[in-house]
Amino acid sequence: MVGGYLMRVGIIGAGLSGLACALRLLDYSDIDVRVFEADRDVGGLAGYTVLDNLRIAKTYHHVIKSDRVLQDELSRFEIPIIWKEVNTGVCLDSKLYPLNRPLDLLGFDPLPLLDRLRLGWLVFRAKYEPRLNNITVDDWVRSGAGEKVLAHFVKPLLRKYFGLSEDVSAAYLASRWDRESRSVSKMLGCSNFPELIDRCAKLITLSSNGALHTGCRVQRVVVKDRGVRIYSGTKQGDLDLVVISTPATEAASIIEGAPMDLLNQLRSIEYRACLCLALRLEKRISDYYWINVLDDDIPFVACFEFANLDTTLSGGLVYLVAYTDPFSPLWFLRDEEIYERFVGGLKKIFPTLPKIKGWYLFKNRFGSPIYRTGYRSIGVNPHPRIYFAGVWRAFPEIRASGPAIMTGIEVAQEILGQVK
C-alpha cells in the first residue's frame, strides 16, 4: 500500500519487456497494473500473425544456449524448447559459404588464407570488454584481423545492418560474436513464441489487479509532484508511476516534465527500421537455417529458413530481414513492391524457388538501435516516477528476446524494492 491505497502502475508498451515487467508486479495484490499498447496485437517485435492457416512469429525467433533469461521465461510457462543442430552460412556474390564454426572460415575463399585465419581467430576470442565501448568496429577489426577482413567481410555486413560501420561500437560486435556465434556453432532452440505471448496477455487480462488495453496509444505522460498523468485520445488517467517500454525516441516524444538532459539522451538514440518478409513455400529451399547476405544488390541482410529449425513444420517458411534507414526509398515502397524486390533477391541465391503459397510483411520503424561509440544505456529509474524498459537499455547485450525480458524484470525488481 502507498498512502493507504493501491499503488497504481502504468506500463506503456506490451512487447516482451513490458509484459515481463507486468507479470512480476501482478504477483503483488497491492499493486494495480495497467498495460497500454498502441497496436491491436501484443508482443511488439515478438508478436505473431496467421499465414496459410499457420500461426507464425512476425519476425524470426530462436533460442541461443547462452540466453538463460529467455529459457527461464519459457520454462515459467512450461513451454518446451527443442534443441537442434543447424547449418549457417554467408552469401557473397550469390555464392553460399558454410559458417557453422570459426574453422569454416578457412573455406571462405574471397579472403586470402592468412586473412581467413585472422578472422577466425578474432571471432573465436571475441568477448565484451568495457574498453570496446569507445572503440569503433573498424579500428578493432583492422587491428585484430587486418584491412581485407574489414573491407570484404565486416564492413558489408555492418552497412546492411546499420547503414555504416565507421562509428559503430566494437562492443556490439564483440558481444554478438561472443554470445551468438558460439551458440550457433553448436545448437539453436525452437520454441512456441506465439504461445508465450498469448499466455502473458491472458495472465494480465485475467488478473484481479491488472488490465491490458490494446489499440490504446498514449500521447502524453505528464510528470507531477505526486504522480503521473497519462493522456490517450480523449481519456486521461492518474498513476503513481509509469514504466515506458517503447523505443527511446518515442519515449522522449511523449514525456512532459522531465529534465531536458534526460529527454536529449533519449532523443540521441538512433534506430534502423526493420522489414521482415515471411514466405510460406510449398517446400524447403535449402539445408541452411541462417544465411547472412553480404551482397549489396540483394535488399535483405539475412535469410532464415525456419523449417530447418522447427522439424514439425511441413513445407517451407522463410524470413527475409532487412534493416534500413526510415527515410530510404525502400522503406516507402508499397508492400507488393518490397515483396517483389525481396523475392527477386532470394532468386539470386536460389534461382529455382518452390511455389509461394502466401506471404506477410512486417514493418517496424524502430527495428534496431544503432550502437555508436560512446553509447550509454539509460538507468532503470533516472527520474522520479519514470522507469524505462526495452532492449535498447540492454547494451552491450545483443538485440534479442532474453535481454528485452531482462530489462522488464529489472524494472519490476526496482519498483518492488522501493515499495518494500
# chains A, B, ... in the order shown; residues from 1 in each chain; ligands from 1
>>> select_by_dssp(residues="stretch 141-245 of chain A", states="strand (DSSP E)", output="list in words")
Leu188, Gly189, Cys190, Ser191, Gly210, Ala211, Leu212, His213, Thr214, Arg220, Val221, Val222, Val223, Lys224, Gly227, Val228, Arg229, Ile230, Tyr231, Ser232, Lys235, Gln236, Gly237, Asp238, Leu239, Leu241, Val242, Val243 and Ile244 of chain A
>>> write_last_selection(atoms="N, CA, C and O atoms", output="CSV table (one decimal), in the first residue's frame")
chain,number,residue,atom,x,y,z
A,188,LEU,N,20.8,-24.4,-31.8
A,188,LEU,CA,19.8,-23.4,-31.5
A,188,LEU,C,18.5,-24.1,-31.1
A,188,LEU,O,18.2,-25.2,-31.4
A,189,GLY,N,17.7,-23.3,-30.3
A,189,GLY,CA,16.4,-23.8,-29.8
A,189,GLY,C,15.2,-23.3,-30.5
A,189,GLY,O,15.2,-22.1,-30.9
A,190,CYS,N,14.3,-24.2,-30.7
A,190,CYS,CA,13.0,-23.8,-31.3
A,190,CYS,C,11.9,-23.8,-30.2
A,190,CYS,O,11.8,-24.8,-29.5
A,191,SER,N,11.1,-22.8,-30.1
A,191,SER,CA,10.0,-22.8,-29.1
A,191,SER,C,8.8,-22.0,-29.7
A,191,SER,O,8.9,-21.4,-30.7
A,210,GLY,N,-5.0,-6.3,-12.6
A,210,GLY,CA,-4.3,-5.9,-13.8
A,210,GLY,C,-5.3,-5.7,-15.0
A,210,GLY,O,-6.4,-6.2,-15.0
A,211,ALA,N,-4.9,-5.0,-16.0
A,211,ALA,CA,-5.7,-4.8,-17.2
A,211,ALA,C,-4.8,-4.6,-18.4
A,211,ALA,O,-3.7,-4.0,-18.2
A,212,LEU,N,-5.2,-5.0,-19.5
A,212,LEU,CA,-4.4,-4.8,-20.8
A,212,LEU,C,-5.3,-4.1,-21.8
A,212,LEU,O,-6.3,-4.6,-22.2
A,213,HIS,N,-4.8,-2.9,-22.2
A,213,HIS,CA,-5.6,-2.1,-23.1
A,213,HIS,C,-4.8,-2.0,-24.4
A,213,HIS,O,-3.8,-1.4,-24.5
A,214,THR,N,-5.4,-2.7,-25.5
A,214,THR,CA,-4.8,-2.7,-26.8
A,214,THR,C,-5.5,-1.6,-27.7
A,214,THR,O,-6.6,-1.2,-27.4
A,220,ARG,N,0.6,11.4,-24.2
A,220,ARG,CA,1.4,12.3,-23.3
A,220,ARG,C,1.5,11.6,-22.0
A,220,ARG,O,0.6,10.9,-21.5
A,221,VAL,N,2.7,11.8,-21.4
A,221,VAL,CA,3.0,11.4,-20.0
A,221,VAL,C,3.5,12.6,-19.2
A,221,VAL,O,4.6,13.1,-19.5
A,222,VAL,N,2.6,13.1,-18.4
A,222,VAL,CA,2.9,14.3,-17.6
A,222,VAL,C,3.4,14.0,-16.2
A,222,VAL,O,2.6,13.4,-15.4
A,223,VAL,N,4.6,14.3,-15.9
A,223,VAL,CA,5.1,14.0,-14.6
A,223,VAL,C,4.8,15.1,-13.6
A,223,VAL,O,5.0,16.3,-13.9
A,224,LYS,N,4.1,14.8,-12.5
A,224,LYS,CA,3.7,15.7,-11.5
A,224,LYS,C,4.5,15.4,-10.2
A,224,LYS,O,5.2,14.4,-10.1
A,227,GLY,N,2.7,12.2,-8.7
A,227,GLY,CA,2.3,11.1,-9.6
A,227,GLY,C,2.5,11.4,-11.0
A,227,GLY,O,3.3,12.3,-11.4
A,228,VAL,N,1.8,10.7,-11.9
A,228,VAL,CA,2.0,10.8,-13.3
A,228,VAL,C,0.6,10.8,-13.9
A,228,VAL,O,-0.3,10.0,-13.5
A,229,ARG,N,0.3,11.7,-14.9
A,229,ARG,CA,-1.0,11.7,-15.6
A,229,ARG,C,-0.7,11.3,-17.0
A,229,ARG,O,0.2,11.9,-17.7
A,230,ILE,N,-1.4,10.3,-17.5
A,230,ILE,CA,-1.3,9.9,-18.9
A,230,ILE,C,-2.5,10.3,-19.7
A,230,ILE,O,-3.6,10.3,-19.2
A,231,TYR,N,-2.3,10.6,-21.0
A,231,TYR,CA,-3.4,11.0,-21.9
A,231,TYR,C,-3.4,10.1,-23.1
A,231,TYR,O,-2.3,9.8,-23.8
A,232,SER,N,-4.6,9.5,-23.4
A,232,SER,CA,-4.7,8.6,-24.6
A,232,SER,C,-6.0,9.0,-25.2
A,232,SER,O,-7.1,8.8,-24.7
A,235,LYS,N,-9.1,10.5,-23.3
A,235,LYS,CA,-9.1,10.0,-22.0
A,235,LYS,C,-7.8,10.3,-21.3
A,235,LYS,O,-6.8,10.5,-21.9
A,236,GLN,N,-7.9,10.4,-20.0
A,236,GLN,CA,-6.7,10.6,-19.1
A,236,GLN,C,-6.8,9.8,-17.9
A,236,GLN,O,-7.9,9.4,-17.5
A,237,GLY,N,-5.7,9.5,-17.3
A,237,GLY,CA,-5.7,8.7,-16.0
A,237,GLY,C,-4.5,9.1,-15.2
A,237,GLY,O,-3.5,9.5,-15.7
A,238,ASP,N,-4.7,9.0,-13.8
A,238,ASP,CA,-3.6,9.3,-12.9
A,238,ASP,C,-3.0,8.0,-12.3
A,238,ASP,O,-3.7,7.1,-12.0
A,239,LEU,N,-1.7,8.0,-12.3
A,239,LEU,CA,-0.9,6.9,-11.8
A,239,LEU,C,0.1,7.4,-10.8
A,239,LEU,O,0.4,8.5,-10.7
A,241,LEU,N,3.2,5.9,-10.8
A,241,LEU,CA,4.4,5.8,-11.6
A,241,LEU,C,4.2,5.1,-12.9
A,241,LEU,O,3.1,4.5,-13.1
A,242,VAL,N,5.1,5.3,-13.8
A,242,VAL,CA,4.9,4.8,-15.2
A,242,VAL,C,6.2,4.1,-15.6
A,242,VAL,O,7.3,4.5,-15.4
A,243,VAL,N,6.0,3.0,-16.3
A,243,VAL,CA,7.1,2.2,-16.9
A,243,VAL,C,6.9,2.4,-18.5
A,243,VAL,O,5.9,2.0,-19.0
A,244,ILE,N,7.9,2.9,-19.1
A,244,ILE,CA,7.9,3.2,-20.5
A,244,ILE,C,8.8,2.1,-21.2
A,244,ILE,O,10.0,2.1,-21.0
>>> closest_atom_pairs(of="stretch 162-278 of chain A", to="stretch 345-364 of chain A", cutoff="10 Å", atoms="only C-alpha atoms", output="JSON lines")
{"residue": "A:Arg272", "atom": "CA", "partner": "A:Asn364", "partner_atom": "CA", "distance": 9.0}
{"residue": "A:Ala273", "atom": "CA", "partner": "A:Asn364", "partner_atom": "CA", "distance": 5.7}
{"residue": "A:Cys274", "atom": "CA", "partner": "A:Asn364", "partner_atom": "CA", "distance": 5.1}
{"residue": "A:Leu275", "atom": "CA", "partner": "A:Lys363", "partner_atom": "CA", "distance": 4.8}
{"residue": "A:Cys276", "atom": "CA", "partner": "A:Phe362", "partner_atom": "CA", "distance": 5.1}
{"residue": "A:Leu277", "atom": "CA", "partner": "A:Leu361", "partner_atom": "CA", "distance": 4.5}
{"residue": "A:Ala278", "atom": "CA", "partner": "A:Tyr360", "partner_atom": "CA", "distance": 5.2}
>>> write_last_selection(atoms="C-alpha atoms", output="PDB file, in the first residue's frame")
ATOM      1  CA  ARG A 272      17.165   1.473 -38.121  1.00  0.00           C
ATOM      2  CA  ALA A 273      13.771   0.440 -39.421  1.00  0.00           C
ATOM      3  CA  CYS A 274      13.050  -3.264 -39.878  1.00  0.00           C
ATOM      4  CA  LEU A 275      11.419  -5.021 -42.825  1.00  0.00           C
ATOM      5  CA  CYS A 276      10.754  -8.739 -42.387  1.00  0.00           C
ATOM      6  CA  LEU A 277       9.091 -10.723 -45.156  1.00  0.00           C
ATOM      7  CA  ALA A 278       7.728 -14.163 -44.246  1.00  0.00           C
TER       8      ALA A 278
END
>>> closest_residue(among="A:Arg40, A:Arg399, A:Arg118, A:His61", to="A:Gly367", atoms="only C-alpha atoms")
A:Arg399
>>> atom_distance(atom1="atom CA of A:Ala57", atom2="atom CA of A:Pro194")
6.3 Å
>>> closest_atom_pairs(of="stretch 257-329 of chain A", to="stretch 139-163 of chain A", cutoff="7 Å", atoms="only C-alpha atoms", output="CSV")
residue,atom,partner,partner_atom,distance
A:Arg272,CA,A:Phe162,CA,6.6
A:Leu294,CA,A:Pro156,CA,5.5
A:Val301,CA,A:Lys160,CA,5.9
A:Tyr323,CA,A:Tyr161,CA,5.4
>>> write_last_selection(atoms="C-alpha atoms", output="short mmCIF file (atom, residue, chain, number, x, y, z; two decimals), in the first residue's frame")
data_model
loop_
_atom_site.label_atom_id
_atom_site.label_comp_id
_atom_site.auth_asym_id
_atom_site.auth_seq_id
_atom_site.Cartn_x
_atom_site.Cartn_y
_atom_site.Cartn_z
CA ARG A 272 17.16 1.47 -38.12
CA LEU A 294 26.83 -9.55 -47.91
CA VAL A 301 20.77 -8.86 -44.84
CA TYR A 323 17.35 -3.04 -41.73
#
>>> closest_residue(among="A:Asp27, A:Glu250, A:Glu410, A:Glu73", to="A:Ile197", atoms="only C-alpha atoms")
A:Glu73
>>> residues_around(residues="A:Met187", least_positions_apart="6", cutoff="9 Å", atoms="only C-alpha atoms", output="list of chain:residue names")
A:Ile64, A:Lys65, A:Trp83, A:Lys84, A:Glu85, A:Val86
>>> residues_around(residues="A:Asp32", least_positions_apart="3", cutoff="9 Å", atoms="only C-alpha atoms", output="list in words")
Leu6, Met7, Arg8, Val9, Gly10, Leu25, Leu26, Tyr28, Ser29, Ser208, Asn209, Gly210 and Ala211 of chain A
>>> atom_distance(atom1="atom CA of A:Gly315", atom2="atom CA of A:Thr88")
19.5 Å
>>> residues_around(residues="A:Gly107", least_positions_apart="3", cutoff="8 Å", atoms="only C-alpha atoms", output="list in words")
Tyr97, Pro98 and Asp104 of chain A
>>> atom_distance(atom1="atom CA of A:Thr136", atom2="atom CA of A:Trp331")
27.4 Å
>>> residues_around(residues="A:Ile79", least_positions_apart="5", cutoff="10 Å", atoms="only C-alpha atoms", output="ChimeraX atom specification")
/A:71-74,191-193,195-196,199
>>> write_last_selection(atoms="all heavy atoms", output="CSV table (one decimal), in the first residue's frame")
chain,number,residue,atom,x,y,z
A,71,GLN,N,15.2,-18.7,-21.6
A,71,GLN,CA,14.9,-20.1,-21.3
A,71,GLN,C,14.1,-20.2,-20.0
A,71,GLN,O,13.1,-21.0,-19.9
A,71,GLN,CB,16.2,-20.9,-21.2
A,71,GLN,CG,16.9,-21.1,-22.5
A,71,GLN,CD,18.3,-21.7,-22.4
A,71,GLN,OE1,18.5,-22.7,-21.7
A,71,GLN,NE2,19.3,-21.1,-23.0
A,72,ASP,N,14.4,-19.4,-19.0
A,72,ASP,CA,13.7,-19.4,-17.8
A,72,ASP,C,12.2,-18.9,-18.0
A,72,ASP,O,11.3,-19.4,-17.3
A,72,ASP,CB,14.4,-18.5,-16.7
A,72,ASP,CG,15.7,-19.1,-16.2
A,72,ASP,OD1,15.9,-20.3,-16.5
A,72,ASP,OD2,16.5,-18.4,-15.6
A,73,GLU,N,12.1,-17.9,-18.8
A,73,GLU,CA,10.7,-17.4,-19.1
A,73,GLU,C,9.8,-18.4,-19.8
A,73,GLU,O,8.7,-18.6,-19.4
A,73,GLU,CB,10.8,-16.1,-19.9
A,73,GLU,CG,9.6,-15.3,-20.0
A,73,GLU,CD,9.4,-14.5,-18.7
A,73,GLU,OE1,10.1,-14.7,-17.7
A,73,GLU,OE2,8.4,-13.6,-18.6
A,74,LEU,N,10.4,-19.1,-20.7
A,74,LEU,CA,9.7,-20.2,-21.4
A,74,LEU,C,9.3,-21.3,-20.4
A,74,LEU,O,8.2,-21.9,-20.4
A,74,LEU,CB,10.5,-20.8,-22.6
A,74,LEU,CG,10.6,-19.8,-23.8
A,74,LEU,CD1,11.7,-20.3,-24.7
A,74,LEU,CD2,9.3,-19.7,-24.5
A,191,SER,N,11.1,-22.8,-30.1
A,191,SER,CA,10.0,-22.8,-29.1
A,191,SER,C,8.8,-22.0,-29.7
A,191,SER,O,8.9,-21.4,-30.7
A,191,SER,CB,10.5,-22.1,-27.8
A,191,SER,OG,9.7,-22.4,-26.8
A,192,ASN,N,7.7,-22.1,-29.0
A,192,ASN,CA,6.5,-21.6,-29.4
A,192,ASN,C,6.3,-20.1,-28.9
A,192,ASN,O,5.7,-19.9,-27.8
A,192,ASN,CB,5.3,-22.4,-28.9
A,192,ASN,CG,4.0,-22.1,-29.6
A,192,ASN,OD1,3.8,-21.0,-30.1
A,192,ASN,ND2,3.1,-23.1,-29.7
A,193,PHE,N,6.9,-19.2,-29.6
A,193,PHE,CA,6.8,-17.8,-29.2
A,193,PHE,C,5.4,-17.2,-29.2
A,193,PHE,O,5.0,-16.5,-28.3
A,193,PHE,CB,7.7,-16.9,-30.0
A,193,PHE,CG,9.2,-17.0,-29.6
A,193,PHE,CD1,10.0,-18.0,-30.1
A,193,PHE,CD2,9.7,-16.0,-28.7
A,193,PHE,CE1,11.3,-18.1,-29.6
A,193,PHE,CE2,11.0,-16.1,-28.3
A,193,PHE,CZ,11.8,-17.1,-28.8
A,195,GLU,N,2.7,-18.8,-28.4
A,195,GLU,CA,2.1,-19.3,-27.1
A,195,GLU,C,2.6,-18.5,-25.9
A,195,GLU,O,1.9,-18.2,-25.0
A,195,GLU,CB,2.5,-20.7,-27.0
A,195,GLU,CG,1.9,-21.4,-25.7
A,195,GLU,CD,0.4,-21.5,-25.7
A,195,GLU,OE1,-0.2,-21.3,-26.8
A,195,GLU,OE2,-0.2,-21.7,-24.7
A,196,LEU,N,3.9,-18.1,-25.9
A,196,LEU,CA,4.4,-17.3,-24.8
A,196,LEU,C,3.7,-15.9,-24.8
A,196,LEU,O,3.3,-15.5,-23.7
A,196,LEU,CB,5.9,-17.0,-25.1
A,196,LEU,CG,6.6,-16.1,-24.1
A,196,LEU,CD1,6.6,-16.6,-22.7
A,196,LEU,CD2,8.1,-15.8,-24.5
A,199,ARG,N,0.1,-16.4,-23.5
A,199,ARG,CA,0.0,-16.8,-22.1
A,199,ARG,C,0.2,-15.5,-21.2
A,199,ARG,O,-0.4,-15.3,-20.2
A,199,ARG,CB,1.0,-17.9,-21.7
A,199,ARG,CG,0.8,-19.2,-22.5
A,199,ARG,CD,-0.3,-20.0,-21.8
A,199,ARG,NE,0.1,-20.6,-20.6
A,199,ARG,CZ,0.8,-21.7,-20.4
A,199,ARG,NH1,1.3,-22.3,-21.5
A,199,ARG,NH2,1.1,-22.1,-19.2
>>> select_by_dssp(residues="stretch 163-330 of chain A", states="helix (DSSP H, G or I)", output="NGL selection string")
:A and (170-184 or 193-206 or 248-254 or 260-267 or 306-308 or 329-330)
>>> closest_residue(among="A:Asp30, A:Glu37, A:Asp261, A:Asp240", to="A:Ile378", atoms="only C-alpha atoms")
A:Asp261
>>> closest_residue(among="A:Asn134, A:Thr311, A:Thr407, A:Asn264", to="A:Val391", atoms="only C-alpha atoms")
A:Thr407
>>> residues_around(residues="A:Ser401", least_positions_apart="4", cutoff="8 Å", atoms="only C-alpha atoms", output="ChimeraX atom specification")
/A:16,46,70,405
>>> write_last_selection(atoms="all heavy atoms", output="compact mmCIF listing (two decimals), in the first residue's frame")
# COMPACT_ATOMS: atom_id res chain seq x y z
N LEU A 16 7.92 -7.74 -25.16
CA LEU A 16 8.41 -8.69 -24.17
C LEU A 16 8.82 -8.02 -22.87
O LEU A 16 8.57 -8.54 -21.78
CB LEU A 16 9.58 -9.49 -24.74
CG LEU A 16 9.23 -10.60 -25.74
CD1 LEU A 16 10.50 -11.20 -26.33
CD2 LEU A 16 8.39 -11.68 -25.08
N ALA A 46 8.06 -9.35 -31.03
CA ALA A 46 7.86 -10.78 -30.77
C ALA A 46 6.41 -11.20 -31.01
O ALA A 46 6.01 -12.29 -30.64
CB ALA A 46 8.26 -11.13 -29.34
N LEU A 70 15.65 -15.97 -21.34
CA LEU A 70 14.58 -16.44 -22.21
C LEU A 70 14.20 -17.87 -21.88
O LEU A 70 13.01 -18.22 -21.82
CB LEU A 70 15.00 -16.33 -23.68
CG LEU A 70 14.02 -16.90 -24.70
CD1 LEU A 70 12.64 -16.24 -24.59
CD2 LEU A 70 14.57 -16.74 -26.11
N ILE A 405 13.51 -9.13 -22.12
CA ILE A 405 12.81 -9.62 -20.93
C ILE A 405 13.54 -9.17 -19.66
O ILE A 405 12.93 -8.75 -18.68
CB ILE A 405 12.68 -11.15 -20.97
CG1 ILE A 405 11.73 -11.57 -22.10
CG2 ILE A 405 12.18 -11.71 -19.64
CD1 ILE A 405 11.76 -13.06 -22.40
>>> closest_residue(among="A:Pro384, A:Pro369, A:Gly402, A:Gly316", to="A:Pro247", atoms="only C-alpha atoms")
A:Pro369
>>> closest_residue(among="A:Asp287, A:Tyr48, A:Gly257, A:Ala248", to="A:Arg393", atoms="only C-alpha atoms")
A:Ala248
>>> decode(residues="stretch 151-176 of chain A", atoms="N, CA, C and O atoms", output="mmCIF file, in the first residue's frame")
data_model
loop_
_atom_site.group_PDB
_atom_site.id
_atom_site.type_symbol
_atom_site.label_atom_id
_atom_site.label_comp_id
_atom_site.auth_asym_id
_atom_site.auth_seq_id
_atom_site.Cartn_x
_atom_site.Cartn_y
_atom_site.Cartn_z
ATOM 1 N N ALA A 151 37.275 -4.881 -44.954
ATOM 2 C CA ALA A 151 36.666 -4.413 -46.196
ATOM 3 C C ALA A 151 35.750 -5.436 -46.840
ATOM 4 O O ALA A 151 34.696 -5.082 -47.388
ATOM 5 N N HIS A 152 36.121 -6.720 -46.779
ATOM 6 C CA HIS A 152 35.403 -7.733 -47.557
ATOM 7 C C HIS A 152 34.452 -8.598 -46.736
ATOM 8 O O HIS A 152 33.677 -9.365 -47.313
ATOM 9 N N PHE A 153 34.486 -8.466 -45.416
ATOM 10 C CA PHE A 153 33.592 -9.299 -44.603
ATOM 11 C C PHE A 153 32.781 -8.455 -43.615
ATOM 12 O O PHE A 153 31.549 -8.501 -43.607
ATOM 13 N N VAL A 154 33.458 -7.675 -42.795
ATOM 14 C CA VAL A 154 32.771 -6.964 -41.712
ATOM 15 C C VAL A 154 32.012 -5.738 -42.209
ATOM 16 O O VAL A 154 30.832 -5.545 -41.882
ATOM 17 N N LYS A 155 32.658 -4.904 -43.015
ATOM 18 C CA LYS A 155 32.004 -3.685 -43.482
ATOM 19 C C LYS A 155 30.716 -3.971 -44.267
ATOM 20 O O LYS A 155 29.683 -3.316 -44.028
ATOM 21 N N PRO A 156 30.714 -4.914 -45.221
ATOM 22 C CA PRO A 156 29.463 -5.176 -45.945
ATOM 23 C C PRO A 156 28.317 -5.596 -45.025
ATOM 24 O O PRO A 156 27.165 -5.211 -45.237
ATOM 25 N N LEU A 157 28.644 -6.371 -43.994
ATOM 26 C CA LEU A 157 27.612 -6.834 -43.066
ATOM 27 C C LEU A 157 27.071 -5.679 -42.228
ATOM 28 O O LEU A 157 25.856 -5.505 -42.076
ATOM 29 N N LEU A 158 27.985 -4.860 -41.691
ATOM 30 C CA LEU A 158 27.550 -3.755 -40.841
ATOM 31 C C LEU A 158 26.810 -2.685 -41.632
ATOM 32 O O LEU A 158 25.887 -2.052 -41.114
ATOM 33 N N ARG A 159 27.203 -2.468 -42.879
ATOM 34 C CA ARG A 159 26.481 -1.492 -43.706
ATOM 35 C C ARG A 159 25.022 -1.902 -43.861
ATOM 36 O O ARG A 159 24.124 -1.064 -43.854
ATOM 37 N N LYS A 160 24.799 -3.204 -44.008
ATOM 38 C CA LYS A 160 23.424 -3.664 -44.220
ATOM 39 C C LYS A 160 22.625 -3.674 -42.921
ATOM 40 O O LYS A 160 21.398 -3.562 -42.947
ATOM 41 N N TYR A 161 23.303 -3.794 -41.789
ATOM 42 C CA TYR A 161 22.616 -3.719 -40.506
ATOM 43 C C TYR A 161 22.404 -2.272 -40.062
ATOM 44 O O TYR A 161 21.323 -1.897 -39.603
ATOM 45 N N PHE A 162 23.455 -1.447 -40.166
ATOM 46 C CA PHE A 162 23.420 -0.113 -39.587
ATOM 47 C C PHE A 162 23.531 1.024 -40.603
ATOM 48 O O PHE A 162 23.399 2.180 -40.238
ATOM 49 N N GLY A 163 23.797 0.694 -41.861
ATOM 50 C CA GLY A 163 23.966 1.734 -42.857
ATOM 51 C C GLY A 163 25.339 2.367 -42.820
ATOM 52 O O GLY A 163 25.654 3.247 -43.605
ATOM 53 N N LEU A 164 26.199 1.924 -41.902
ATOM 54 C CA LEU A 164 27.539 2.490 -41.725
ATOM 55 C C LEU A 164 28.342 1.512 -40.880
ATOM 56 O O LEU A 164 27.816 0.546 -40.334
ATOM 57 N N SER A 165 29.624 1.750 -40.784
ATOM 58 C CA SER A 165 30.442 0.966 -39.858
ATOM 59 C C SER A 165 31.461 1.839 -39.151
ATOM 60 O O SER A 165 32.042 1.439 -38.153
ATOM 61 N N GLU A 166 31.652 3.071 -39.650
ATOM 62 C CA GLU A 166 32.750 3.903 -39.184
ATOM 63 C C GLU A 166 32.698 4.195 -37.680
ATOM 64 O O GLU A 166 33.726 4.244 -37.019
ATOM 65 N N ASP A 167 31.491 4.398 -37.130
ATOM 66 C CA ASP A 167 31.443 4.731 -35.699
ATOM 67 C C ASP A 167 30.542 3.792 -34.908
ATOM 68 O O ASP A 167 30.079 4.147 -33.833
ATOM 69 N N VAL A 168 30.311 2.584 -35.421
ATOM 70 C CA VAL A 168 29.615 1.562 -34.644
ATOM 71 C C VAL A 168 30.566 1.042 -33.574
ATOM 72 O O VAL A 168 31.750 0.794 -33.837
ATOM 73 N N SER A 169 30.072 0.868 -32.364
ATOM 74 C CA SER A 169 30.912 0.445 -31.247
ATOM 75 C C SER A 169 31.362 -1.007 -31.409
ATOM 76 O O SER A 169 30.561 -1.893 -31.701
ATOM 77 N N ALA A 170 32.643 -1.227 -31.191
ATOM 78 C CA ALA A 170 33.180 -2.590 -31.241
ATOM 79 C C ALA A 170 32.567 -3.463 -30.159
ATOM 80 O O ALA A 170 32.527 -4.690 -30.294
ATOM 81 N N ALA A 171 32.062 -2.842 -29.087
ATOM 82 C CA ALA A 171 31.432 -3.616 -28.008
ATOM 83 C C ALA A 171 30.248 -4.411 -28.531
ATOM 84 O O ALA A 171 29.995 -5.534 -28.083
ATOM 85 N N TYR A 172 29.510 -3.835 -29.480
ATOM 86 C CA TYR A 172 28.345 -4.528 -30.049
ATOM 87 C C TYR A 172 28.778 -5.806 -30.770
ATOM 88 O O TYR A 172 28.233 -6.890 -30.524
ATOM 89 N N LEU A 173 29.744 -5.692 -31.684
ATOM 90 C CA LEU A 173 30.133 -6.851 -32.484
ATOM 91 C C LEU A 173 30.823 -7.902 -31.627
ATOM 92 O O LEU A 173 30.586 -9.108 -31.793
ATOM 93 N N ALA A 174 31.671 -7.487 -30.695
ATOM 94 C CA ALA A 174 32.350 -8.446 -29.826
ATOM 95 C C ALA A 174 31.345 -9.218 -28.986
ATOM 96 O O ALA A 174 31.443 -10.444 -28.829
ATOM 97 N N SER A 175 30.349 -8.500 -28.444
ATOM 98 C CA SER A 175 29.324 -9.157 -27.636
ATOM 99 C C SER A 175 28.505 -10.123 -28.476
ATOM 100 O O SER A 175 28.189 -11.236 -28.043
ATOM 101 N N ARG A 176 28.173 -9.711 -29.686
ATOM 102 C CA ARG A 176 27.370 -10.573 -30.559
ATOM 103 C C ARG A 176 28.131 -11.837 -30.934
ATOM 104 O O ARG A 176 27.597 -12.937 -30.867
#
